[in-house]
Amino acid sequence: MPELPEVESVLRTLQECPPVLPGRMINSVIVLSDTVISGCPVANFTGELEGMLFSSIARHGKYLIFRMIRPGVGCSGSFLVFHLRMTGRLFLVPREHSIERHTRLVLILDNDLALRFDDPRKFGRVWLAANPADVLSKLGPDALTVTPEIFRSRISALQRKIKPLLLDQSFLAGIGNIYADEILFRAGIHPLTSSRDLTPFDIERLCNAIRDILSDAVESNGANIDGVFGKGRFVVSVYGREGLSCSRCGSTIIKIRVGQRGTHVCQVCQPFL
Ligand SMILES: [Zn+2]
């Protein structure tokens, strides 16, 4: 957590729920934890950002990408790239809101607002880059927007266990442990199945399941697992439900380990062939 749908929810909140972030200028930068800044010295990060304006927001996989421009300097710009990792939260607050114990970065904006990055576990990172590819070059296509043709051609070239493959961000960007389990349940594919053994029909079902599960989760503002993401309304079918009944067939959902990750599976709906 958070995975692609939760990051998309953060994007939509910052972009669509007033007061919105695009159009706001950064007046000053407060870095409370140096380790959160990646790729450049903190002084360069703060010096470059001050006076810049948030132009637009995009997402690739689990990364948020803010296009920054400096008013009056033609098309010159930079990209502020965030990865929230396990516990990062990025949100707008009135600027007088007090800094909390887990606050790592505060961008003081015009209009009496501040963009705050809180992260109890301190794994989240932010980069200021001339080109987003400087940060994102190792990622595969975005899992929500990958086309069936590209998905087919990428998976056909590989021989990997399917769950670790779905988690591999260089294969597809955005899927984590929760949605990998949900996608494989929806597709009726056992997590230990080798990609080499998938039929063209399996691959089509898997591709549809990726699109459908991620789209449903985006529309539900993500999933609220263990109270981490309070806005999320996505209802899981297998993740975290070991010992409970499968909603489809009634048999008991089990938890196994696949590539060091806890993995939830219905052995009837997802037979290991
Ligand atoms: Zn079942």
# chains A, B, ... in the order shown; residues from 1 in each chain; ligands from 1
call {"tool": "residues_near_ligand", "arguments": {"ligand": "ligand 1", "cutoff": "9 Å", "atoms": "only C-alpha atoms and all ligand atoms", "output": "VMD selection string"}}
result
chain A and resid 185 188 245 to 253 265 to 270
call {"tool": "residues_around", "arguments": {"residues": "region 158-175 of chain A", "least_positions_apart": "6", "cutoff": "7 Å", "atoms": "only C-alpha atoms", "output": "VMD selection string"}}
result
chain A and resid 3 to 4 60 to 62 138 to 143 191 to 196 259
call {"tool": "closest_residue", "arguments": {"among": "A:Phe229, A:Phe82, A:Phe201, A:Tyr179", "to": "Thr263 (chain A)", "atoms": "only C-alpha atoms"}}
result
A:Tyr179
call {"tool": "atom_distance", "arguments": {"atom1": "CA of Phe117 (chain A)", "atom2": "CA of Gly230 (chain A)"}}
result
16.5 Å
call {"tool": "select_by_dssp", "arguments": {"residues": "region 47-269 of chain A", "states": "strand (DSSP E or B)", "output": "VMD selection string"}}
result
chain A and resid 53 to 60 63 to 69 77 to 83 89 to 94 103 to 109 113 to 118 125 to 129 142 161 173 194 245 252 254 to 258 261 to 265
call {"tool": "select_by_dssp", "arguments": {"residues": "region 40-250 of chain A", "states": "alpha helix (DSSP H)", "output": "PyMOL selection string"}}
result
chain A and resi 42-49+133-136+148-156+162-167+177-187+200-219
call {"tool": "residues_around", "arguments": {"residues": "Gly88 (chain A)", "least_positions_apart": "5", "cutoff": "12 Å", "atoms": "only C-alpha atoms", "output": "CSV table (one decimal) with N, CA and C atoms, in the first residue's frame"}}
result
chain,number,residue,atom,x,y,z
A,1,MET,N,0.8,-1.2,0.0
A,1,MET,CA,0.0,0.0,0.0
A,1,MET,C,0.9,1.3,0.0
A,2,PRO,N,0.5,2.3,-0.7
A,2,PRO,CA,-0.6,2.4,-1.7
A,2,PRO,C,-0.1,1.8,-3.0
A,3,GLU,N,-1.1,1.2,-3.8
A,3,GLU,CA,-0.8,0.7,-5.1
A,3,GLU,C,-1.4,1.7,-6.1
A,6,GLU,N,-4.8,3.6,-5.3
A,6,GLU,CA,-4.7,4.6,-4.2
A,6,GLU,C,-3.9,5.8,-4.7
A,7,VAL,N,-2.9,5.6,-5.5
A,7,VAL,CA,-2.1,6.8,-6.0
A,7,VAL,C,-3.0,7.6,-7.0
A,10,VAL,N,-5.1,9.8,-5.0
A,10,VAL,CA,-4.4,11.0,-4.5
A,10,VAL,C,-4.3,12.0,-5.6
A,36,VAL,N,14.3,11.9,2.5
A,36,VAL,CA,13.1,11.8,1.6
A,36,VAL,C,13.5,12.4,0.2
A,62,LYS,N,3.0,3.5,-9.7
A,62,LYS,CA,2.7,4.1,-8.3
A,62,LYS,C,3.4,5.4,-8.1
A,63,TYR,N,3.9,6.0,-9.2
A,63,TYR,CA,4.6,7.3,-9.1
A,63,TYR,C,3.6,8.5,-9.5
A,64,LEU,N,3.7,9.5,-8.8
A,64,LEU,CA,3.0,10.8,-9.1
A,64,LEU,C,4.0,11.7,-9.7
A,82,PHE,N,7.0,11.9,-7.0
A,82,PHE,CA,6.8,11.3,-5.7
A,82,PHE,C,6.5,9.8,-5.8
A,83,HIS,N,7.2,9.0,-4.9
A,83,HIS,CA,6.7,7.6,-4.7
A,83,HIS,C,6.4,7.5,-3.2
A,102,HIS,N,5.3,12.9,11.9
A,102,HIS,CA,5.7,12.1,10.7
A,102,HIS,C,5.7,13.0,9.4
A,103,THR,N,5.6,14.3,9.6
A,103,THR,CA,5.7,15.2,8.4
A,103,THR,C,7.2,15.2,7.9
A,104,ARG,N,7.4,14.9,6.7
A,104,ARG,CA,8.8,14.9,6.1
A,104,ARG,C,9.1,16.1,5.2
A,105,LEU,N,8.1,16.7,4.6
A,105,LEU,CA,8.3,17.7,3.6
A,105,LEU,C,7.0,18.6,3.6
A,116,ARG,N,1.6,18.9,1.9
A,116,ARG,CA,2.4,18.2,2.9
A,116,ARG,C,2.6,16.7,2.6
A,117,PHE,N,3.8,16.3,2.9
A,117,PHE,CA,4.1,14.8,2.7
A,117,PHE,C,4.4,14.3,4.1
A,118,ASP,N,3.5,13.4,4.6
A,118,ASP,CA,3.7,12.7,5.8
A,118,ASP,C,4.0,11.3,5.5
A,119,ASP,N,4.9,10.7,6.3
A,119,ASP,CA,5.3,9.3,6.0
A,119,ASP,C,5.9,8.6,7.3
A,120,PRO,N,5.1,7.9,8.1
A,120,PRO,CA,5.6,7.3,9.3
A,120,PRO,C,6.8,6.4,9.1
A,121,ARG,N,6.7,5.5,8.0
A,121,ARG,CA,7.8,4.5,7.8
A,121,ARG,C,9.0,5.1,7.1
A,122,LYS,N,9.0,6.3,6.6
A,122,LYS,CA,10.1,7.0,6.0
A,122,LYS,C,10.7,6.3,4.7
A,123,PHE,N,9.9,5.5,4.0
A,123,PHE,CA,10.4,4.9,2.8
A,123,PHE,C,10.0,5.7,1.5
A,124,GLY,N,9.1,6.6,1.7
A,124,GLY,CA,8.7,7.5,0.5
A,124,GLY,C,9.8,8.3,0.0
A,125,ARG,N,9.8,8.6,-1.3
A,125,ARG,CA,10.9,9.4,-1.9
A,125,ARG,C,10.3,10.5,-2.8
A,126,VAL,N,11.1,11.6,-3.0
A,126,VAL,CA,10.7,12.6,-4.0
A,126,VAL,C,12.0,13.0,-4.7
A,228,VAL,N,-5.5,2.1,6.6
A,228,VAL,CA,-4.4,2.9,6.1
A,228,VAL,C,-4.9,4.0,5.1
A,229,PHE,N,-5.9,3.6,4.3
A,229,PHE,CA,-6.3,4.5,3.2
A,229,PHE,C,-7.8,4.7,3.4
call {"tool": "atom_distance", "arguments": {"atom1": "CA of Phe91 (chain A)", "atom2": "CA of Gly222 (chain A)"}}
result
15.9 Å
call {"tool": "closest_residue", "arguments": {"among": "A:Val235, A:Met25, A:Leu128, A:Val73", "to": "Glu48 (chain A)", "atoms": "only C-alpha atoms"}}
result
A:Leu128
call {"tool": "atom_distance", "arguments": {"atom1": "CA of Arg70 (chain A)", "atom2": "CA of Val20 (chain A)"}}
result
18.5 Å
call {"tool": "residues_around", "arguments": {"residues": "region 108-112 of chain A", "least_positions_apart": "5", "cutoff": "8 Å", "atoms": "only C-alpha atoms", "output": "ChimeraX atom specification"}}
result
/A:24-30,94-96
call {"tool": "decode", "arguments": {"residues": "region 73-111 of chain A", "atoms": "C-alpha atoms", "output": "PDB file, in the first residue's frame"}}
result
ATOM      1  CA  VAL A  73      10.685  31.699 -18.296  1.00  0.00           C
ATOM      2  CA  GLY A  74       9.217  30.300 -21.516  1.00  0.00           C
ATOM      3  CA  CYS A  75       8.841  26.530 -21.566  1.00  0.00           C
ATOM      4  CA  SER A  76      11.620  25.743 -19.109  1.00  0.00           C
ATOM      5  CA  GLY A  77      10.353  23.428 -16.419  1.00  0.00           C
ATOM      6  CA  SER A  78      11.035  20.494 -14.153  1.00  0.00           C
ATOM      7  CA  PHE A  79       9.176  17.491 -12.802  1.00  0.00           C
ATOM      8  CA  LEU A  80       8.543  16.771  -9.155  1.00  0.00           C
ATOM      9  CA  VAL A  81       8.157  12.995  -8.827  1.00  0.00           C
ATOM     10  CA  PHE A  82       6.786  11.286  -5.685  1.00  0.00           C
ATOM     11  CA  HIS A  83       6.742   7.630  -4.673  1.00  0.00           C
ATOM     12  CA  LEU A  84       4.611   7.150  -1.539  1.00  0.00           C
ATOM     13  CA  ARG A  85       5.984   3.630  -0.884  1.00  0.00           C
ATOM     14  CA  MET A  86       4.261   1.956   2.114  1.00  0.00           C
ATOM     15  CA  THR A  87       2.856   4.734   4.288  1.00  0.00           C
ATOM     16  CA  GLY A  88       3.373   8.052   2.454  1.00  0.00           C
ATOM     17  CA  ARG A  89       0.504  10.566   2.315  1.00  0.00           C
ATOM     18  CA  LEU A  90       0.430  13.652   0.135  1.00  0.00           C
ATOM     19  CA  PHE A  91      -2.293  16.215   0.784  1.00  0.00           C
ATOM     20  CA  LEU A  92      -3.207  19.892   0.855  1.00  0.00           C
ATOM     21  CA  VAL A  93      -3.781  21.659   4.179  1.00  0.00           C
ATOM     22  CA  PRO A  94      -4.259  25.266   5.283  1.00  0.00           C
ATOM     23  CA  ARG A  95      -0.705  26.593   5.742  1.00  0.00           C
ATOM     24  CA  GLU A  96      -1.228  27.305   9.445  1.00  0.00           C
ATOM     25  CA  HIS A  97      -1.805  23.598  10.145  1.00  0.00           C
ATOM     26  CA  SER A  98       0.856  22.411  12.552  1.00  0.00           C
ATOM     27  CA  ILE A  99       3.608  20.088  11.390  1.00  0.00           C
ATOM     28  CA  GLU A 100       3.242  16.597  12.842  1.00  0.00           C
ATOM     29  CA  ARG A 101       5.679  13.959  14.018  1.00  0.00           C
ATOM     30  CA  HIS A 102       5.662  12.106  10.687  1.00  0.00           C
ATOM     31  CA  THR A 103       5.735  15.169   8.413  1.00  0.00           C
ATOM     32  CA  ARG A 104       8.781  14.899   6.099  1.00  0.00           C
ATOM     33  CA  LEU A 105       8.271  17.738   3.628  1.00  0.00           C
ATOM     34  CA  VAL A 106       6.105  20.861   3.437  1.00  0.00           C
ATOM     35  CA  LEU A 107       5.699  22.982   0.322  1.00  0.00           C
ATOM     36  CA  ILE A 108       4.243  26.341   1.386  1.00  0.00           C
ATOM     37  CA  LEU A 109       2.027  27.623  -1.424  1.00  0.00           C
ATOM     38  CA  ASP A 110       0.447  30.920  -2.279  1.00  0.00           C
ATOM     39  CA  ASN A 111      -3.213  31.263  -1.342  1.00  0.00           C
TER      40      ASN A 111
END
